[in-house]
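Have a look at entry.pdb below; it lists PDB, C-alpha atoms.
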```pdb
ATOM      1  CA  MET H   1      22.996  -3.282  -6.779
ATOM      2  CA  SER H   2      22.641  -0.624  -9.495
ATOM      3  CA  HIS H   3      19.477  -2.021 -11.047
ATOM      4  CA  SER H   4      16.400   0.041 -11.808
ATOM      5  CA  PHE H   5      13.172  -1.197 -10.196
ATOM      6  CA  TYR H   6       9.849  -0.351  -8.601
ATOM      7  CA  ASP H   7       9.188  -0.868  -4.897
ATOM      8  CA  LEU H   8       5.574  -1.114  -3.786
ATOM      9  CA  ALA H   9       5.833  -0.242  -0.074
ATOM     10  CA  PHE H  10       2.859  -0.884   2.226
ATOM     11  CA  GLY H  11       3.399  -0.372   5.923
ATOM     12  CA  VAL H  12       2.285   0.745   9.343
ATOM     13  CA  ASP H  13       4.752   2.025  11.911
ATOM     14  CA  PRO H  14       4.998  -0.199  15.006
ATOM     15  CA  GLY H  15       2.256   0.421  17.539
ATOM     16  CA  GLY H  16      -1.200  -1.132  17.596
ATOM     17  CA  ALA H  17      -0.533  -2.770  14.221
ATOM     18  CA  ARG H  18       2.584  -3.653  12.253
ATOM     19  CA  LYS H  19       3.222  -4.053   8.553
ATOM     20  CA  ASP H  20       6.284  -3.470   6.402
ATOM     21  CA  THR H  21       5.659  -5.185   3.097
ATOM     22  CA  HIS H  22       7.587  -4.473  -0.094
ATOM     23  CA  TYR H  23       7.317  -5.790  -3.626
ATOM     24  CA  VAL H  24      10.455  -5.238  -5.698
ATOM     25  CA  ARG H  25       9.542  -5.485  -9.353
ATOM     26  CA  GLY H  26      10.955  -4.689 -12.782
ATOM     27  CA  SER H  27       7.598  -4.078 -14.432
ATOM     28  CA  LEU H  28       4.527  -2.061 -13.644
ATOM     29  CA  GLU H  29       2.279  -4.974 -14.667
ATOM     30  CA  GLU H  30       3.744  -7.177 -11.913
ATOM     31  CA  LEU H  31       3.298  -4.367  -9.418
ATOM     32  CA  LYS H  32      -0.347  -3.848 -10.390
ATOM     33  CA  HIS H  33      -1.015  -7.527  -9.705
ATOM     34  CA  ASP H  34       0.760  -7.314  -6.323
ATOM     35  CA  LEU H  35      -1.221  -4.246  -5.269
ATOM     36  CA  ALA H  36      -4.511  -5.854  -6.301
ATOM     37  CA  ALA H  37      -3.667  -8.882  -4.130
ATOM     38  CA  GLU H  38      -2.843  -6.655  -1.130
ATOM     39  CA  LEU H  39      -6.038  -4.632  -1.522
ATOM     40  CA  ALA H  40      -8.151  -7.796  -1.811
ATOM     41  CA  GLU H  41      -7.420  -8.480   1.876
ATOM     42  CA  GLU H  42      -9.871  -6.553   4.061
ATOM     43  CA  ILE H  43      -7.382  -6.242   6.916
ATOM     44  CA  ASN H  44      -5.236  -4.136   4.585
ATOM     45  CA  LEU H  45      -8.193  -1.842   3.852
ATOM     46  CA  TYR H  46      -8.615  -1.498   7.609
ATOM     47  CA  LEU H  47      -4.946  -0.533   7.941
ATOM     48  CA  LEU H  48      -5.332   2.105   5.221
ATOM     49  CA  CYS H  49      -8.548   3.594   6.628
ATOM     50  CA  TRP H  50      -8.026   3.221  10.370
ATOM     51  CA  TYR H  51      -4.245   3.226  10.912
ATOM     52  CA  GLY H  52      -3.212   5.473   8.052
ATOM     53  CA  ALA H  53      -0.906   2.885   6.515
ATOM     54  CA  ARG H  54       1.786   4.103   4.107
ATOM     55  CA  LEU H  55       1.221   3.020   0.521
ATOM     56  CA  THR H  56       3.793   4.210  -1.975
ATOM     57  CA  LEU H  57       5.211   3.257  -5.308
ATOM     58  CA  ASP H  58       8.912   4.069  -5.067
ATOM     59  CA  VAL H  59      10.956   4.318  -8.239
ATOM     60  CA  TYR H  60      14.654   3.452  -8.252
ATOM     61  CA  GLN H  61      16.770   4.369 -11.254
ATOM     62  CA  LYS H  62      20.176   2.665 -11.384
ATOM     63  CA  GLY H  63      20.040   1.856  -7.656
ATOM     64  CA  LYS H  64      18.948   5.290  -6.414
ATOM     65  CA  GLN H  65      15.446   6.250  -5.347
ATOM     66  CA  THR H  66      14.285   9.029  -7.639
ATOM     67  CA  ASP H  67      10.536   9.148  -6.955
ATOM     68  CA  SER H  68       8.049   8.202  -4.251
ATOM     69  CA  ILE H  69       4.434   8.266  -5.399
ATOM     70  CA  ASP H  70       1.771   8.270  -2.674
ATOM     71  CA  LEU H  71      -0.916   5.907  -3.988
ATOM     72  CA  HIS H  72      -3.666   6.980  -1.551
ATOM     73  CA  PRO H  73      -5.153   9.679  -3.830
ATOM     74  CA  PHE H  74      -5.559   7.078  -6.588
ATOM     75  CA  LEU H  75      -7.664   4.600  -4.572
ATOM     76  CA  THR H  76     -11.427   4.253  -4.348
ATOM     77  CA  ILE H  77     -12.929   1.734  -1.946
ATOM     78  CA  SER H  78     -16.553   0.946  -2.777
ATOM     79  CA  ILE H  79     -18.593  -0.985  -0.206
ATOM     80  CA  ALA H  80     -22.268  -1.814  -0.709
ATOM     81  CA  GLY H  81     -24.377   0.295   1.640
ATOM     82  CA  TYR H  82     -21.643   2.885   2.308
ATOM     83  CA  PRO H  83     -20.391   5.965   0.465
ATOM     84  CA  ASP H  84     -17.227   5.502  -1.594
ATOM     85  CA  ILE H  85     -14.029   6.003   0.376
ATOM     86  CA  THR H  86     -11.212   7.955  -1.248
ATOM     87  CA  PHE H  87      -8.090   9.506   0.241
ATOM     88  CA  THR H  88      -6.404  12.872   0.070
ATOM     89  CA  GLY H  89      -3.279  11.233   1.515
ATOM     90  CA  PRO H  90      -2.156   8.860   4.268
ATOM     91  CA  GLU H  91      -4.379   9.089   7.344
ATOM     92  CA  GLU H  92      -6.866  11.136   5.291
ATOM     93  CA  PRO H  93      -9.824   8.957   4.228
ATOM     94  CA  VAL H  94     -12.771  10.844   2.751
ATOM     95  CA  GLY H  95     -16.361   9.610   2.462
ATOM     96  CA  TYR H  96     -16.730   7.781   5.772
ATOM     97  CA  ASP H  97     -16.066   9.071   9.289
ATOM     98  CA  PHE H  98     -13.913   6.352  10.842
ATOM     99  CA  GLU H  99     -13.436   8.422  14.002
ATOM    100  CA  ALA H 100     -17.184   8.134  14.660
ATOM    101  CA  ASP H 101     -16.709   4.351  14.862
ATOM    102  CA  GLU H 102     -14.865   4.892  18.164
ATOM    103  CA  GLU H 103     -18.053   6.226  19.770
ATOM    104  CA  ALA H 104     -20.383   3.469  18.541
ATOM    105  CA  GLU H 105     -22.310   1.575  21.193
ATOM    106  CA  ASP H 106     -21.718  -1.735  19.447
ATOM    107  CA  GLU H 107     -18.317  -1.747  17.759
ATOM    108  CA  THR H 108     -19.169  -4.964  15.896
ATOM    109  CA  GLU H 109     -21.618  -2.928  13.803
ATOM    110  CA  THR H 110     -18.984  -0.408  12.646
ATOM    111  CA  LEU H 111     -17.373  -0.421   9.235
ATOM    112  CA  SER H 112     -13.886  -0.436  10.737
ATOM    113  CA  PHE H 113     -14.699  -3.577  12.759
ATOM    114  CA  ARG H 114     -16.269  -5.265   9.736
ATOM    115  CA  MET H 115     -13.081  -4.555   7.731
ATOM    116  CA  PHE H 116     -10.883  -5.808  10.563
ATOM    117  CA  ALA H 117     -12.938  -8.991  10.922
ATOM    118  CA  GLY H 118     -13.054  -9.604   7.158
ATOM    119  CA  GLU H 119     -16.860  -9.594   7.077
ATOM    120  CA  LEU H 120     -17.409  -7.544   3.911
ATOM    121  CA  GLY H 121     -16.704 -10.240   1.313
ATOM    122  CA  ASP H 122     -18.153  -9.485  -2.117
ATOM    123  CA  ALA H 123     -19.628  -6.188  -0.862
ATOM    124  CA  VAL H 124     -16.228  -4.495  -1.272
ATOM    125  CA  ASN H 125     -14.501  -3.413  -4.475
ATOM    126  CA  VAL H 126     -11.248  -1.467  -4.675
ATOM    127  CA  THR H 127     -10.259   0.540  -7.734
ATOM    128  CA  VAL H 128      -6.748   1.822  -8.363
ATOM    129  CA  HIS H 129      -6.888   4.647 -10.911
ATOM    130  CA  TRP H 130      -3.673   3.719 -12.728
ATOM    131  CA  ASP H 131      -4.570   5.983 -15.656
ATOM    132  CA  ARG H 132      -4.056   9.022 -13.370
ATOM    133  CA  ILE H 133      -0.677   7.918 -11.994
ATOM    134  CA  GLU H 134       2.419   9.187 -13.775
ATOM    135  CA  VAL H 135       4.928   6.396 -13.229
ATOM    136  CA  PRO H 136       8.328   7.010 -14.807
ATOM    137  CA  PRO H 137       9.659   4.189 -16.986
ATOM    138  CA  LEU H 138      12.709   2.371 -15.663
ATOM    139  CA  ARG H 139      16.079   3.211 -17.243
ATOM    140  CA  GLY H 140      19.232   1.147 -17.516
ATOM    141  CA  GLU H 141      19.475  -2.460 -16.352
ATOM    142  CA  VAL H 142      16.099  -3.467 -14.889
ATOM    143  CA  ALA H 143      15.920  -5.808 -11.894
ATOM    144  CA  ARG H 144      14.554  -9.303 -12.471
ATOM    145  CA  GLU H 145      13.991 -12.584 -10.626
ATOM    146  CA  GLY H 146      16.984 -13.494  -8.445
ATOM    147  CA  ASP H 147      18.401  -9.962  -8.194
ATOM    148  CA  VAL H 148      19.183  -8.327  -4.849
ATOM    149  CA  VAL H 149      18.668  -4.576  -4.435
ATOM    150  CA  ALA H 150      19.113  -1.973  -1.706
ATOM    151  CA  LEU H 151      16.108   0.043  -0.571
ATOM    152  CA  HIS H 152      17.107   3.576   0.456
ATOM    153  CA  PRO H 153      13.827   5.296   1.356
ATOM    154  CA  LEU H 154      13.602   9.058   0.856
ATOM    155  CA  LEU H 155      11.373   9.401   3.924
ATOM    156  CA  GLY H 156      13.938   8.163   6.438
ATOM    157  CA  HIS H 157      12.571   4.677   7.139
ATOM    158  CA  PHE H 158      15.052   1.843   7.608
ATOM    159  CA  GLU H 159      17.333   0.797   4.780
ATOM    160  CA  HIS H 160      16.942  -2.827   3.712
ATOM    161  CA  THR H 161      18.458  -5.246   1.267
ATOM    162  CA  ALA H 162      15.711  -6.965  -0.683
ATOM    163  CA  THR H 163      15.427  -9.712  -3.236
ATOM    164  CA  TYR H 164      13.225  -9.446  -6.281
ATOM    165  CA  GLY H 165       9.569 -10.071  -5.427
ATOM    166  CA  TYR H 166       7.774 -10.051  -2.077
ATOM    167  CA  GLN H 167       9.437  -9.049   1.207
ATOM    168  CA  ASP H 168       7.948  -8.741   4.666
ATOM    169  CA  PHE H 169      10.347  -6.957   7.018
ATOM    170  CA  GLU H 170       8.046  -7.431  10.034
ATOM    171  CA  LEU H 171       8.615 -11.192  10.167
TER     172      LEU H 171
END
```

For this file, produce the structure as structure tokens.
Amino acid sequence: MSHSFYDLAFGVDPGGARKDTHYVRGSLEELKHDLAAELAEEINLYLLCWYGARLTLDVYQKGKQTDSIDLHPFLTISIAGYPDITFTGPEEPVGYDFEADEEAEDETETLSFRMFAGELGDAVNVTVHWDRIEVPPLRGEVAREGDVVALHPLLGHFEHTATYGYQDFEL
């Protein structure tokens, strides 16, 4: 349990929506692929923009969490016909007023509904500005396929035991 690893944590606290997904990885390249797959699903963009989903890259060195990097400020969501959406942090999208969607006469015409329904298709492109993220390299024995690790979040969320790869703690 004293491996070094990255944990890509994407979640929404229980309420109107639920998500508690983690990717435990030993390389940044694997993590980049995992994040791209998550952000390719429009429902996840909806959770980021509407529900203020958590999206962090947590760094564990020798079994202890040493860093938690909020990935929101490094995202740009580009949708044809809309201004780019960036974030200053969780629950802080910039570029589109999602609160105004609540007052729309026809909610099916709102961007939030279109994200939720998965109607955007090829009109959406998400960029993660990895070149601006300072991710510490892993030290010591790095986790790999088949390893089991303990997740001890700095922010007080539940502790979990996780295997290498994808985990969904909401199942």

Please write the residues picked by the PyMOL selection byres ((chain H and resi 123-129) around 10) on this file as a compact mmCIF listing (two decimals) with C-alpha atoms, in the frame of the given file.
```
# COMPACT_ATOMS: atom_id res chain seq x y z
CA LYS H 32 -0.35 -3.85 -10.39
CA LEU H 35 -1.22 -4.25 -5.27
CA ALA H 36 -4.51 -5.85 -6.30
CA LEU H 39 -6.04 -4.63 -1.52
CA ALA H 40 -8.15 -7.80 -1.81
CA GLU H 42 -9.87 -6.55 4.06
CA LEU H 45 -8.19 -1.84 3.85
CA LEU H 71 -0.92 5.91 -3.99
CA HIS H 72 -3.67 6.98 -1.55
CA PRO H 73 -5.15 9.68 -3.83
CA PHE H 74 -5.56 7.08 -6.59
CA LEU H 75 -7.66 4.60 -4.57
CA THR H 76 -11.43 4.25 -4.35
CA ILE H 77 -12.93 1.73 -1.95
CA SER H 78 -16.55 0.95 -2.78
CA ILE H 79 -18.59 -0.98 -0.21
CA ALA H 80 -22.27 -1.81 -0.71
CA GLY H 81 -24.38 0.30 1.64
CA TYR H 82 -21.64 2.88 2.31
CA ASP H 84 -17.23 5.50 -1.59
CA ILE H 85 -14.03 6.00 0.38
CA THR H 86 -11.21 7.96 -1.25
CA MET H 115 -13.08 -4.56 7.73
CA GLU H 119 -16.86 -9.59 7.08
CA LEU H 120 -17.41 -7.54 3.91
CA GLY H 121 -16.70 -10.24 1.31
CA ASP H 122 -18.15 -9.48 -2.12
CA TRP H 130 -3.67 3.72 -12.73
CA ASP H 131 -4.57 5.98 -15.66
CA ARG H 132 -4.06 9.02 -13.37
CA ILE H 133 -0.68 7.92 -11.99
```

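The interatomic distance for the pair CA of Phe87 (chain H) and CA of Asp106 (chain H) works out to 26.1 Å.
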
Test item: residues at most 8 Å from Leu138 (chain H), all atoms listed in the file, excluding those fewer than 3 positions along its chain, as a PyMOL selection string: chain H and resi 4-5+26+59-61+142

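The two atoms in question, CA of Thr110 (chain H) and CA of Glu91 (chain H), are spaced 18.2 Å apart.
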
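Here CA of Lys62 (chain H) is placed at a distance of 20.1 Å from CA of Tyr166 (chain H).
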
All residues 12 Å or closer to Ser68 (chain H), only C-alpha atoms, same chain fewer than 3 positions away omitted, as a PyMOL selection string: chain H and resi 6-9+54-61+64-65+71+133-136+152-155

Prev. selection, C-alpha atoms, output as a PDB file, in the frame of the given file:
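Saved result, again_31.pdb, follows:
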```
ATOM      1  CA  TYR H   6       9.849  -0.351  -8.601  1.00  0.00           C
ATOM      2  CA  ASP H   7       9.188  -0.868  -4.897  1.00  0.00           C
ATOM      3  CA  LEU H   8       5.574  -1.114  -3.786  1.00  0.00           C
ATOM      4  CA  ALA H   9       5.833  -0.242  -0.074  1.00  0.00           C
ATOM      5  CA  ARG H  54       1.786   4.103   4.107  1.00  0.00           C
ATOM      6  CA  LEU H  55       1.221   3.020   0.521  1.00  0.00           C
ATOM      7  CA  THR H  56       3.793   4.210  -1.975  1.00  0.00           C
ATOM      8  CA  LEU H  57       5.211   3.257  -5.308  1.00  0.00           C
ATOM      9  CA  ASP H  58       8.912   4.069  -5.067  1.00  0.00           C
ATOM     10  CA  VAL H  59      10.956   4.318  -8.239  1.00  0.00           C
ATOM     11  CA  TYR H  60      14.654   3.452  -8.252  1.00  0.00           C
ATOM     12  CA  GLN H  61      16.770   4.369 -11.254  1.00  0.00           C
ATOM     13  CA  LYS H  64      18.948   5.290  -6.414  1.00  0.00           C
ATOM     14  CA  GLN H  65      15.446   6.250  -5.347  1.00  0.00           C
ATOM     15  CA  LEU H  71      -0.916   5.907  -3.988  1.00  0.00           C
ATOM     16  CA  ILE H 133      -0.677   7.918 -11.994  1.00  0.00           C
ATOM     17  CA  GLU H 134       2.419   9.187 -13.775  1.00  0.00           C
ATOM     18  CA  VAL H 135       4.928   6.396 -13.229  1.00  0.00           C
ATOM     19  CA  PRO H 136       8.328   7.010 -14.807  1.00  0.00           C
ATOM     20  CA  HIS H 152      17.107   3.576   0.456  1.00  0.00           C
ATOM     21  CA  PRO H 153      13.827   5.296   1.356  1.00  0.00           C
ATOM     22  CA  LEU H 154      13.602   9.058   0.856  1.00  0.00           C
ATOM     23  CA  LEU H 155      11.373   9.401   3.924  1.00  0.00           C
TER      24      LEU H 155
END
```

Best match for closeness to Arg18 (chain H) among H:Glu41, H:Asp168, H:Asp101, H:Glu109, counting all atoms listed in the file: H:Asp168

Minimum-distance residue to Val24 (chain H), chosen among H:Phe169, H:Phe10, H:Tyr164, H:Phe113 (using all atoms listed in the file): H:Tyr164

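Distances here use only C-alpha atoms; by that measure, the residue among H:His160, H:His3, H:Lys19, H:Arg144 closest to Asn44 (chain H) is H:Lys19.
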
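Residues surrounding Gly52 (chain H) within 9 Å are Val12, Tyr46, Gly89, Pro90, Glu91, Glu92 and Pro93 of chain H [all atoms listed in the file; sequence separation below 6 positions excluded].
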
Residues within 7 Å of Tyr96 (chain H), all atoms listed in the file, excluding chain neighbours under 2 positions, as a PyMOL selection string: chain H and resi 83+85+94+98
